[in-house]
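Coordinates from final.tsv are shown below (TSV, C-alpha atoms and all ligand atoms).
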chain	number	residue	atom	x	y	z
A	1339	MET	CA	-137.47	50.55	-73.30
A	1340	LYS	CA	-139.95	53.22	-74.35
A	1341	SER	CA	-140.74	51.93	-77.83
A	1342	ASP	CA	-142.07	48.43	-78.53
A	1343	ASP	CA	-140.35	48.60	-81.91
A	1344	PHE	CA	-136.72	47.71	-81.27
A	1345	TYR	CA	-135.88	48.79	-84.81
A	1346	ALA	CA	-137.44	52.26	-84.68
A	1347	MET	CA	-134.72	54.96	-84.75
A	1348	ARG	CA	-134.15	56.66	-81.43
A	1349	ASN	CA	-131.35	58.28	-79.44
A	1350	PRO	CA	-129.15	55.48	-78.00
A	1351	VAL	CA	-128.03	57.72	-75.16
A	1352	ASP	CA	-131.58	58.12	-73.84
A	1353	GLU	CA	-132.34	54.43	-74.32
A	1354	TYR	CA	-132.39	52.46	-71.04
A	1355	ARG	CA	-131.32	55.54	-69.07
A	1356	THR	CA	-131.92	55.22	-65.33
A	1357	GLU	CA	-131.25	57.48	-62.38
A	1358	GLY	CA	-128.97	54.69	-61.17
A	1359	PHE	CA	-129.64	51.11	-60.11
A	1360	PRO	CA	-130.91	50.26	-56.62
A	1361	LYS	CA	-128.50	48.42	-54.32
A	1362	GLN	CA	-129.37	44.71	-54.20
A	1363	LYS	CA	-127.50	41.58	-53.26
A	1364	GLN	CA	-127.97	37.97	-54.30
A	1365	PRO	CA	-125.83	34.90	-53.72
A	1366	TYR	CA	-123.69	33.79	-56.71
A	1367	PRO	CA	-124.67	33.10	-59.46
A	1368	GLY	CA	-127.84	35.14	-58.93
A	1369	LEU	CA	-131.26	34.96	-60.52
A	1370	GLN	CA	-132.19	37.46	-63.17
A	1371	LYS	CA	-135.90	37.16	-62.36
A	1372	ASP	CA	-135.27	38.70	-58.91
A	1373	MET	CA	-133.32	41.74	-60.17
A	1374	LYS	CA	-134.64	45.29	-59.97
A	1375	PRO	CA	-134.99	46.26	-62.76
A	1376	VAL	CA	-135.05	42.93	-64.62
A	1377	PRO	CA	-132.52	43.08	-67.50
A	1378	ASP	CA	-133.83	43.34	-71.06
A	1379	CYS	CA	-132.69	40.32	-73.08
A	1380	GLY	CA	-134.93	41.12	-76.06
A	1381	GLU	CA	-137.76	38.89	-74.84
A	1382	LYS	CA	-140.41	41.27	-76.19
A	1383	THR	CA	-138.47	42.92	-78.99
A	1384	TYR	CA	-135.84	40.94	-80.92
A	1385	LYS	CA	-137.08	39.93	-84.37
A	1386	GLY	CA	-135.36	37.24	-86.40
A	1387	ASN	CA	-134.88	36.85	-90.11
A	1388	ASN	CA	-133.68	33.27	-90.70
A	1389	ARG	CA	-130.03	34.28	-90.39
A	1390	LEU	CA	-129.24	31.04	-88.50
A	1391	LYS	CA	-131.78	28.73	-90.09
A	1392	GLY	CA	-130.93	25.08	-89.45
A	1393	ARG	CA	-127.96	25.92	-87.20
A	1394	LYS	CA	-127.28	24.15	-83.89
A	1395	ALA	CA	-125.94	26.21	-81.02
A	1396	LEU	CA	-124.56	25.42	-77.58
A	1397	ILE	CA	-124.76	28.52	-75.37
A	1398	THR	CA	-123.13	28.54	-71.94
A	1399	GLY	CA	-124.69	30.95	-69.47
A	1400	GLY	CA	-127.81	30.98	-71.68
A	1401	ASP	CA	-130.27	31.19	-68.77
A	1402	SER	CA	-129.74	34.89	-68.13
A	1403	GLY	CA	-128.08	38.12	-69.20
A	1404	ILE	CA	-125.97	38.24	-72.33
A	1405	GLY	CA	-126.24	34.47	-72.89
A	1406	ARG	CA	-130.04	34.61	-72.73
A	1407	ALA	CA	-130.06	37.55	-75.17
A	1408	ALA	CA	-127.95	35.45	-77.56
A	1409	ALA	CA	-130.23	32.42	-77.05
A	1410	ILE	CA	-133.41	34.41	-77.80
A	1411	ALA	CA	-131.85	35.94	-80.89
A	1412	TYR	CA	-130.46	32.59	-82.12
A	1413	ALA	CA	-133.85	30.91	-81.66
A	1414	ARG	CA	-135.65	33.69	-83.52
A	1415	GLU	CA	-133.05	33.45	-86.29
A	1416	GLY	CA	-133.96	29.77	-86.73
A	1417	ALA	CA	-131.35	27.85	-84.69
A	1418	ASP	CA	-131.87	24.91	-82.31
A	1419	ILE	CA	-130.35	25.55	-78.91
A	1420	ALA	CA	-128.70	23.80	-75.97
A	1421	ILE	CA	-128.24	25.93	-72.86
A	1422	ASN	CA	-125.84	25.37	-69.99
A	1423	TYR	CA	-126.22	27.01	-66.55
A	1424	LEU	CA	-125.82	26.11	-62.88
A	1425	ASP	CA	-128.49	24.10	-60.97
A	1426	PHE	CA	-129.17	27.17	-58.82
A	1427	GLU	CA	-130.41	28.97	-61.96
A	1428	GLU	CA	-133.14	26.46	-62.85
A	1429	ASP	CA	-135.90	29.14	-62.60
A	1430	ASP	CA	-134.15	31.46	-65.07
A	1431	ALA	CA	-133.32	28.52	-67.37
A	1432	LYS	CA	-136.91	27.24	-67.40
A	1433	GLU	CA	-138.20	30.72	-68.18
A	1434	ALA	CA	-135.68	30.97	-71.05
A	1435	LYS	CA	-136.70	27.53	-72.34
A	1436	GLU	CA	-140.39	28.47	-72.40
A	1437	LEU	CA	-139.59	31.64	-74.32
A	1438	LEU	CA	-137.40	29.82	-76.85
A	1439	GLU	CA	-139.87	27.01	-77.42
A	1440	LYS	CA	-142.42	29.59	-78.55
A	1441	GLU	CA	-140.12	30.10	-81.54
A	1442	GLY	CA	-140.69	26.49	-82.56
A	1443	CYS	CA	-137.07	25.46	-82.16
A	1444	LYS	CA	-135.55	22.55	-80.23
A	1445	VAL	CA	-134.34	23.63	-76.79
A	1446	HIS	CA	-132.33	21.39	-74.51
A	1447	LEU	CA	-131.22	22.35	-70.99
A	1448	ILE	CA	-127.87	21.06	-69.67
A	1449	PRO	CA	-127.29	22.17	-66.06
A	1450	GLY	CA	-123.78	21.66	-64.69
A	1451	ASP	CA	-120.59	23.24	-63.42
A	1452	LEU	CA	-118.09	24.39	-66.06
A	1453	ALA	CA	-115.31	24.31	-63.45
A	1454	ASP	CA	-115.45	20.50	-63.76
A	1455	GLU	CA	-113.48	19.20	-66.78
A	1456	GLU	CA	-115.57	16.05	-67.15
A	1457	PHE	CA	-118.79	18.05	-67.16
A	1458	ASN	CA	-117.54	20.15	-70.11
A	1459	LYS	CA	-117.06	16.98	-72.17
A	1460	LYS	CA	-120.45	15.60	-71.12
A	1461	MET	CA	-122.14	18.91	-72.01
A	1462	VAL	CA	-120.74	18.87	-75.55
A	1463	THR	CA	-121.66	15.22	-76.10
A	1464	GLU	CA	-125.19	15.79	-74.82
A	1465	ALA	CA	-125.73	18.95	-76.90
A	1466	ASN	CA	-124.51	17.12	-80.01
A	1467	GLU	CA	-126.80	14.15	-79.36
A	1468	LYS	CA	-129.91	16.17	-78.52
A	1469	LEU	CA	-129.54	18.67	-81.37
A	1470	GLY	CA	-128.25	16.16	-83.91
A	1471	GLY	CA	-125.02	18.11	-84.44
A	1472	LEU	CA	-123.34	21.31	-83.32
A	1473	ASP	CA	-122.05	24.26	-85.37
A	1474	ILE	CA	-122.16	27.26	-83.02
A	1475	LEU	CA	-120.44	27.49	-79.65
A	1476	ALA	CA	-121.45	30.71	-77.88
A	1477	LEU	CA	-119.26	30.59	-74.76
A	1478	VAL	CA	-120.82	33.25	-72.57
A	1479	ALA	CA	-120.67	31.88	-68.99
A	1480	GLY	CA	-118.39	33.76	-66.64
A	1481	HIS	CA	-117.62	34.35	-62.97
A	1482	GLN	CA	-116.65	37.67	-61.41
A	1483	VAL	CA	-115.96	38.39	-57.74
A	1484	ALA	CA	-115.20	41.98	-56.75
A	1485	THR	CA	-112.22	41.77	-54.36
A	1486	LYS	CA	-110.39	44.77	-52.88
A	1487	SER	CA	-106.86	43.39	-52.70
A	1488	ILE	CA	-104.72	40.63	-54.20
A	1489	GLU	CA	-104.23	39.53	-50.58
A	1490	ASP	CA	-107.93	38.67	-50.37
A	1491	ILE	CA	-107.98	36.49	-53.49
A	1492	ASP	CA	-107.61	33.02	-52.03
A	1493	THR	CA	-106.47	30.06	-54.11
A	1494	GLU	CA	-109.97	28.60	-54.22
A	1495	GLN	CA	-111.36	31.78	-55.81
A	1496	LEU	CA	-108.41	31.97	-58.19
A	1497	HIS	CA	-108.93	28.38	-59.33
A	1498	ARG	CA	-112.65	28.81	-59.78
A	1499	VAL	CA	-112.50	32.08	-61.72
A	1500	PHE	CA	-109.81	30.71	-64.04
A	1501	ALA	CA	-111.53	27.32	-64.42
A	1502	ILE	CA	-114.93	28.80	-65.34
A	1503	ASN	CA	-113.68	31.69	-67.48
A	1504	VAL	CA	-110.62	30.15	-69.17
A	1505	TYR	CA	-110.05	26.39	-68.68
A	1506	SER	CA	-113.64	25.65	-69.62
A	1507	LEU	CA	-113.04	27.25	-73.03
A	1508	PHE	CA	-110.16	24.82	-73.64
A	1509	TRP	CA	-112.18	21.83	-72.40
A	1510	THR	CA	-115.33	22.70	-74.37
A	1511	VAL	CA	-113.58	23.50	-77.63
A	1512	LYS	CA	-111.37	20.37	-77.39
A	1513	ALA	CA	-114.47	18.20	-76.89
A	1514	ALA	CA	-116.35	19.92	-79.72
A	1515	LEU	CA	-113.62	19.92	-82.38
A	1516	PRO	CA	-114.31	16.41	-83.70
A	1517	ILE	CA	-117.97	17.41	-84.09
A	1518	LEU	CA	-117.86	20.94	-85.53
A	1519	PRO	CA	-118.15	21.03	-89.33
A	1520	ALA	CA	-116.50	23.61	-91.60
A	1521	GLY	CA	-118.55	26.80	-91.41
A	1522	SER	CA	-118.95	26.54	-87.63
A	1523	ALA	CA	-118.44	29.58	-85.44
A	1524	ILE	CA	-117.02	29.86	-81.94
A	1525	ILE	CA	-117.78	33.04	-80.01
A	1526	THR	CA	-116.08	33.76	-76.72
A	1527	THR	CA	-117.00	36.48	-74.26
A	1528	SER	CA	-114.10	38.58	-73.09
A	1529	SER	CA	-114.55	42.09	-71.66
A	1530	ILE	CA	-113.34	45.63	-71.71
A	1531	GLN	CA	-111.53	44.39	-68.58
A	1532	ALA	CA	-109.01	42.73	-70.93
A	1533	TYR	CA	-107.97	46.23	-72.06
A	1534	ASP	CA	-108.76	48.50	-69.13
A	1535	PRO	CA	-108.65	46.34	-66.00
A	1536	SER	CA	-110.30	47.55	-62.79
A	1537	ARG	CA	-108.25	47.22	-59.64
A	1538	HIS	CA	-111.03	45.32	-57.84
A	1539	LEU	CA	-111.26	42.73	-60.63
A	1540	LEU	CA	-107.64	41.61	-60.73
A	1541	ASP	CA	-108.29	37.88	-61.22
A	1542	TYR	CA	-111.35	38.36	-63.47
A	1543	ALA	CA	-109.60	40.92	-65.69
A	1544	SER	CA	-106.64	38.53	-66.02
A	1545	THR	CA	-109.00	35.81	-67.28
A	1546	LYS	CA	-110.57	38.19	-69.77
A	1547	GLY	CA	-107.09	39.07	-71.10
A	1548	ALA	CA	-106.50	35.33	-71.46
A	1549	ILE	CA	-109.78	34.93	-73.38
A	1550	LYS	CA	-108.69	37.64	-75.82
A	1551	ALA	CA	-105.39	35.82	-76.46
A	1552	PHE	CA	-107.18	32.45	-76.65
A	1553	THR	CA	-109.59	33.80	-79.28
A	1554	GLN	CA	-106.91	35.37	-81.42
A	1555	ALA	CA	-104.60	32.34	-81.40
A	1556	LEU	CA	-107.37	29.74	-81.74
A	1557	GLY	CA	-108.83	31.60	-84.71
A	1558	GLU	CA	-105.50	31.21	-86.50
A	1559	GLN	CA	-105.37	27.50	-85.64
A	1560	LEU	CA	-108.92	26.64	-86.66
A	1561	ILE	CA	-109.36	28.57	-89.90
A	1562	LYS	CA	-107.66	25.69	-91.70
A	1563	LYS	CA	-110.71	23.62	-90.68
A	1564	GLY	CA	-113.06	26.41	-91.84
A	1565	ILE	CA	-114.01	27.29	-88.25
A	1566	ARG	CA	-114.04	30.95	-87.22
A	1567	VAL	CA	-113.37	32.18	-83.67
A	1568	ASN	CA	-114.26	35.68	-82.47
A	1569	SER	CA	-114.91	37.40	-79.18
A	1570	VAL	CA	-117.40	39.91	-77.83
A	1571	ALA	CA	-115.95	42.34	-75.26
A	1572	PRO	CA	-118.80	43.95	-73.32
A	1573	GLY	CA	-118.53	47.06	-71.20
A	1574	PRO	CA	-120.86	47.48	-68.19
A	1575	ILE	CA	-124.04	45.50	-68.88
A	1576	TRP	CA	-126.90	45.19	-66.36
A	1577	THR	CA	-126.97	41.48	-65.47
A	1578	ALA	CA	-127.19	39.06	-62.52
A	1579	LEU	CA	-123.40	38.73	-62.42
A	1580	GLN	CA	-123.18	42.32	-61.18
A	1581	VAL	CA	-125.59	41.89	-58.25
A	1582	SER	CA	-124.27	38.50	-57.10
A	1583	GLY	CA	-120.77	39.55	-56.04
A	1584	GLY	CA	-119.41	40.96	-59.32
A	1585	GLN	CA	-119.57	44.52	-57.99
A	1586	PHE	CA	-119.42	46.04	-54.53
A	1587	GLN	CA	-122.85	47.20	-53.33
A	1588	GLU	CA	-121.77	50.83	-53.25
A	1589	SER	CA	-120.84	50.67	-56.96
A	1590	LEU	CA	-124.29	49.52	-58.18
A	1591	PRO	CA	-126.11	52.88	-58.21
A	1592	LYS	CA	-123.45	54.35	-60.51
A	1593	PHE	CA	-122.90	51.20	-62.58
A	1594	GLY	CA	-122.20	52.19	-66.20
A	1595	GLN	CA	-122.41	55.95	-65.57
A	1596	ASP	CA	-118.72	56.48	-66.32
A	1597	THR	CA	-119.07	55.48	-69.99
A	1598	PRO	CA	-119.45	58.12	-72.73
A	1599	PHE	CA	-123.13	57.04	-72.91
A	1600	LYS	CA	-123.41	57.67	-69.15
A	1601	ARG	CA	-125.48	54.52	-68.75
A	1602	ALA	CA	-125.09	50.75	-68.53
A	1603	GLY	CA	-125.97	48.57	-71.51
A	1604	GLN	CA	-128.70	45.94	-71.56
A	1605	PRO	CA	-128.10	42.35	-72.76
A	1606	VAL	CA	-130.31	42.84	-75.84
A	1607	GLU	CA	-127.84	45.45	-77.08
A	1608	LEU	CA	-125.40	42.57	-77.72
A	1609	SER	CA	-127.85	40.22	-79.46
A	1610	GLY	CA	-127.12	41.38	-82.99
A	1611	LEU	CA	-123.37	40.98	-82.62
A	1612	TYR	CA	-123.64	37.39	-81.32
A	1613	VAL	CA	-125.88	36.62	-84.32
A	1614	PHE	CA	-123.56	38.34	-86.79
A	1615	LEU	CA	-120.49	36.47	-85.52
A	1616	ALA	CA	-122.32	33.12	-85.64
A	1617	SER	CA	-123.79	33.64	-89.09
A	1618	GLN	CA	-122.36	33.46	-92.56
A	1619	GLU	CA	-122.55	37.30	-92.69
A	1620	SER	CA	-119.18	37.40	-90.89
A	1621	SER	CA	-117.57	34.86	-93.26
A	1622	TYR	CA	-114.30	36.84	-93.64
A	1623	ILE	CA	-113.85	37.61	-89.94
A	1624	THR	CA	-111.87	35.54	-87.46
A	1625	SER	CA	-109.58	36.13	-84.45
A	1626	GLU	CA	-111.27	39.48	-83.79
A	1627	VAL	CA	-112.53	41.09	-80.61
A	1628	PHE	CA	-115.56	43.38	-80.85
A	1629	GLY	CA	-116.36	45.91	-78.14
A	1630	VAL	CA	-119.90	46.70	-76.99
A	1631	THR	CA	-118.88	49.22	-74.40
A	1632	GLY	CA	-120.99	52.37	-74.60
A	1633	GLY	CA	-118.09	54.18	-76.22
A	1634	SER	CA	-115.13	53.27	-73.96
A	1635	HIS	CA	-112.14	52.24	-76.07
A	1636	LEU	CA	-110.81	48.69	-76.24
B	1	LIG	P1	-125.09	36.48	-66.03
B	1	LIG	O1	-124.93	36.26	-64.58
B	1	LIG	O2	-126.48	36.71	-66.50
B	1	LIG	O3	-124.48	35.28	-66.86
B	1	LIG	C1	-123.32	34.61	-66.45
B	1	LIG	C2	-123.64	33.13	-66.49
B	1	LIG	O4	-122.46	32.39	-66.23
B	1	LIG	C3	-124.64	32.68	-65.45
B	1	LIG	O5	-125.97	32.79	-65.92
B	1	LIG	C4	-124.24	31.26	-65.20
B	1	LIG	O6	-125.13	30.38	-65.85
B	1	LIG	C5	-122.88	31.13	-65.84
B	1	LIG	N1	-121.95	30.52	-64.90
B	1	LIG	C6	-121.28	31.11	-63.90
B	1	LIG	N2	-120.54	30.18	-63.25
B	1	LIG	C7	-120.76	29.00	-63.86
B	1	LIG	C8	-120.29	27.67	-63.66
B	1	LIG	N3	-119.45	27.37	-62.67
B	1	LIG	N4	-120.74	26.70	-64.48
B	1	LIG	C9	-121.64	26.97	-65.46
B	1	LIG	N5	-122.09	28.21	-65.70
B	1	LIG	C10	-121.66	29.21	-64.92
B	1	LIG	O7	-124.13	37.69	-66.39
B	1	LIG	P2	-123.62	38.27	-67.79
B	1	LIG	O8	-123.10	39.60	-67.48
B	1	LIG	O9	-124.64	38.10	-68.83
B	1	LIG	O10	-122.35	37.37	-68.10
B	1	LIG	C11	-122.11	36.80	-69.36
B	1	LIG	C12	-120.68	36.99	-69.76
B	1	LIG	O11	-120.43	38.34	-70.05
B	1	LIG	C13	-119.64	36.57	-68.73
B	1	LIG	O12	-118.58	35.88	-69.36
B	1	LIG	C14	-119.13	37.90	-68.23
B	1	LIG	O13	-117.81	37.81	-67.74
B	1	LIG	C15	-119.21	38.71	-69.49
B	1	LIG	N6	-119.17	40.15	-69.28
B	1	LIG	C16	-120.18	40.75	-68.60
B	1	LIG	C17	-120.13	42.12	-68.41
B	1	LIG	C18	-121.20	42.84	-67.67
B	1	LIG	O14	-121.03	44.04	-67.39
B	1	LIG	N7	-122.31	42.22	-67.33
B	1	LIG	C19	-119.05	42.86	-68.92
B	1	LIG	C20	-118.05	42.20	-69.61
B	1	LIG	C21	-118.12	40.84	-69.77
B	2	MG	MG	-127.72	33.21	-64.75
This entry written out as structure tokens:
Amino acid sequence: MKSDDFYAMRNPVDEYRTEGFPKQKQPYPGLQKDMKPVPDCGEKTYKGNNRLKGRKALITGGDSGIGRAAAIAYAREGADIAINYLDFEEDDAKEAKELLEKEGCKVHLIPGDLADEEFNKKMVTEANEKLGGLDILALVAGHQVATKSIEDIDTEQLHRVFAINVYSLFWTVKAALPILPAGSAIITTSSIQAYDPSRHLLDYASTKGAIKAFTQALGEQLIKKGIRVNSVAPGPIWTALQVSGGQFQESLPKFGQDTPFKRAGQPVELSGLYVFLASQESSYITSEVFGVTGGSHL
């Protein structure tokens, strides 16, 4: 980012341009703090304006990447926050917590594995207790394993990718429904992969298609309770998921270069949309999927 003023007008094509990312490999789920370059989640730039004052948000995957960008924005917009992540990511989560606490909001960390049904229930109960209620679910966590052929996707991988990306949405929302008041917002995280699947992401793209369908159908179910459900569908965004098995090493230098913008996005470029979909500003919008793709069509 060249300008310190996130809101100063500038050419979005030049923004965050790189000559390509360096190859780098981390074990799943990866640590954002060790990435080169470290993704921009709006730590130094996002400014809030009370758009979520008094709201209480549970954010899965809030330690890093898109989830951290949402967490920073929500905190600066006045919300209290509970963040879920895996134990391995404690360093990223602690860093996020320190940042959020500077905003003067409540921040509660809930490490645990979303592939475990019981943990999903525990996470919702704990978030509700610690925050004194819950009215935003930002379901951002996801798992992606680049795999050349269907023959190499073993049943363990298949179960895990579907459990984390899809089943967990069912488990979390089911646990939260008795708690969420009218006016609550649920935001899922699908992907351009739901619309334009890559051959090396067969299982992952299938889960993202499922998340799109889940969002659209659940929105219709829940509007009678006054709860809205929408989805964000990112294109290529520079995050830990990509360097911890989500892409093949040889794909990293060109990551995002095939978009009309000819660059990858940064997590902070999704912050505003997660805020908009959580806030009352989107009061007439449900069951929608919004692309943040650098110009590739959903
Ligand atoms: P990220 O690695 O920073 O965040 C993903 C998070 O998922 C991790 O921080 C981790 O906390 C969480 N997670 C993974 N497995 C988990 C498990 N078993 N239990 C609990 N948490 C778990 O990467 P990101 O790109 O910011 O990913 C956020 C979301 O965006 C994901 O759903 C991903 O599929 C989606 N997405 C990303 C891109 C992209 O290009 N980065 C594109 C489209 C969609
Ligand atoms: Mg992480």
- request: Counting only C-alpha atoms, figure out which residue out of A:Gly1629, A:Thr1624, A:Ala1513, A:Phe1426 gets nearest to A:Lys1562.
  value: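 Of A:Gly1629, A:Thr1624, A:Ala1513, A:Phe1426, the one nearest A:Lys1562 is A:Thr1624, counting only C-alpha atoms.
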Near-ligand residues for ligand LIG 1 (chain B), threshold 6 Å, only C-alpha atoms and all ligand atoms, as an mmCIF file with C-alpha atoms, keeping the file's coordinate frame:
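Heads up, here's the output in pocket_37.cif:
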data_model
loop_
_atom_site.group_PDB
_atom_site.id
_atom_site.type_symbol
_atom_site.label_atom_id
_atom_site.label_comp_id
_atom_site.auth_asym_id
_atom_site.auth_seq_id
_atom_site.Cartn_x
_atom_site.Cartn_y
_atom_site.Cartn_z
ATOM 1 C CA PRO A 1367 -124.670 33.100 -59.460
ATOM 2 C CA GLY A 1399 -124.690 30.950 -69.470
ATOM 3 C CA ASP A 1401 -130.270 31.190 -68.770
ATOM 4 C CA SER A 1402 -129.740 34.890 -68.130
ATOM 5 C CA GLY A 1403 -128.080 38.120 -69.200
ATOM 6 C CA ILE A 1404 -125.970 38.240 -72.330
ATOM 7 C CA GLY A 1405 -126.240 34.470 -72.890
ATOM 8 C CA TYR A 1423 -126.220 27.010 -66.550
ATOM 9 C CA LEU A 1424 -125.820 26.110 -62.880
ATOM 10 C CA GLY A 1450 -123.780 21.660 -64.690
ATOM 11 C CA ASP A 1451 -120.590 23.240 -63.420
ATOM 12 C CA LEU A 1452 -118.090 24.390 -66.060
ATOM 13 C CA ALA A 1453 -115.310 24.310 -63.450
ATOM 14 C CA VAL A 1478 -120.820 33.250 -72.570
ATOM 15 C CA ALA A 1479 -120.670 31.880 -68.990
ATOM 16 C CA GLY A 1480 -118.390 33.760 -66.640
ATOM 17 C CA HIS A 1481 -117.620 34.350 -62.970
ATOM 18 C CA ILE A 1502 -114.930 28.800 -65.340
ATOM 19 C CA THR A 1527 -117.000 36.480 -74.260
ATOM 20 C CA SER A 1528 -114.100 38.580 -73.090
ATOM 21 C CA SER A 1529 -114.550 42.090 -71.660
ATOM 22 C CA PRO A 1572 -118.800 43.950 -73.320
ATOM 23 C CA GLY A 1573 -118.530 47.060 -71.200
ATOM 24 C CA PRO A 1574 -120.860 47.480 -68.190
ATOM 25 C CA ILE A 1575 -124.040 45.500 -68.880
ATOM 26 C CA TRP A 1576 -126.900 45.190 -66.360
ATOM 27 C CA THR A 1577 -126.970 41.480 -65.470
ATOM 28 C CA ALA A 1578 -127.190 39.060 -62.520
ATOM 29 C CA LEU A 1579 -123.400 38.730 -62.420
#
Residues within 9 Å of A:Ala1543, only C-alpha atoms, excluding chain neighbours under 3 positions, as a list in words: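 Once the nearby chain positions are removed, what remains is Gln1482, Ser1528, Ser1529, Ile1530, Gln1531, Ala1532, Tyr1533, Asp1534, Pro1535, Ser1536, Arg1537, Leu1539, Leu1540, Lys1546, Gly1547 and Ala1548 of chain A.
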field: Atomic separation - atom CA of A:Ile1410 relative to atom CA of A:Glu1436, Å
entry: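 Computing the Euclidean distance for atom CA of A:Glu1436 and atom CA of A:Ile1410 yields 10.6 Å.
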field: Answer as JSON, numbers by chain, residues within 6 Å of (-122.9, 19.6, -67.9) using all atoms listed in the file
entry: {"A": [1448, 1449, 1450, 1457, 1458, 1460, 1461]}
Let's have the selection written as a compact mmCIF listing (two decimals), in the coordinates of the input, with C-alpha atoms.
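For reference, result_39.txt as written:
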# COMPACT_ATOMS: atom_id res chain seq x y z
CA ILE A 1448 -127.87 21.06 -69.67
CA PRO A 1449 -127.29 22.17 -66.06
CA GLY A 1450 -123.78 21.66 -64.69
CA PHE A 1457 -118.79 18.05 -67.16
CA ASN A 1458 -117.54 20.15 -70.11
CA LYS A 1460 -120.45 15.60 -71.12
CA MET A 1461 -122.14 18.91 -72.01
- request: Find the residues around A:Lys1382 up to 12 Å (only C-alpha atoms counted), leave out those fewer than 4 positions away in its own chain, and share them as an MDAnalysis selection string.
  value: chainID A and resid 1339 1341:1344 1377:1378 1407 1410:1411 1414 1437:1438 1606
Option closest in space to A:Thr1398, from A:Phe1508, A:Lys1385, A:Thr1526, A:Asp1425 [counting only C-alpha atoms]: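 Looking only at the distances to A:Thr1398, the closest residue turns out to be A:Thr1526.
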message: When you count all atoms listed in the file, which of these residues is closest to ligand MG 2 (chain B): A:Ala1551, A:Ala1501, A:Val1581, A:Ala1523?
response: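 Using all atoms listed in the file, ligand MG 2 (chain B) sits closest to A:Val1581.
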message: Need to verify the contact set: A:Ile1491, 10 Å, all atoms listed in the file, exclusion of same-chain residues closer than 6 positions in sequence. Can you return it as a ChimeraX atom specification?
response: /A:1483-1485,1540-1541
Report as AutoDock Vina command-line options the centre and the edge lengths, in Å to one decimal, of the axis-aligned box holding every listed atom of stretch 1367-1372 of chain A, padded by 3 Å on each side.
--center_x -130.3 --center_y 35.9 --center_z -61.0 --size_x 17.2 --size_y 11.6 --size_z 10.3
query: From the list A:Lys1371, A:His1446, A:His1635, A:Lys1592, which residue is nearest A:Ala1571 when using only C-alpha atoms?
result: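 Closest candidate: A:His1635.
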message: Just the number, please: distance in Å from atom CA of A:Lys1440 to atom CA of A:Val1613, one decimal.
response: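 Interatomic distance, atom CA of A:Lys1440 to atom CA of A:Val1613: 18.9 Å.
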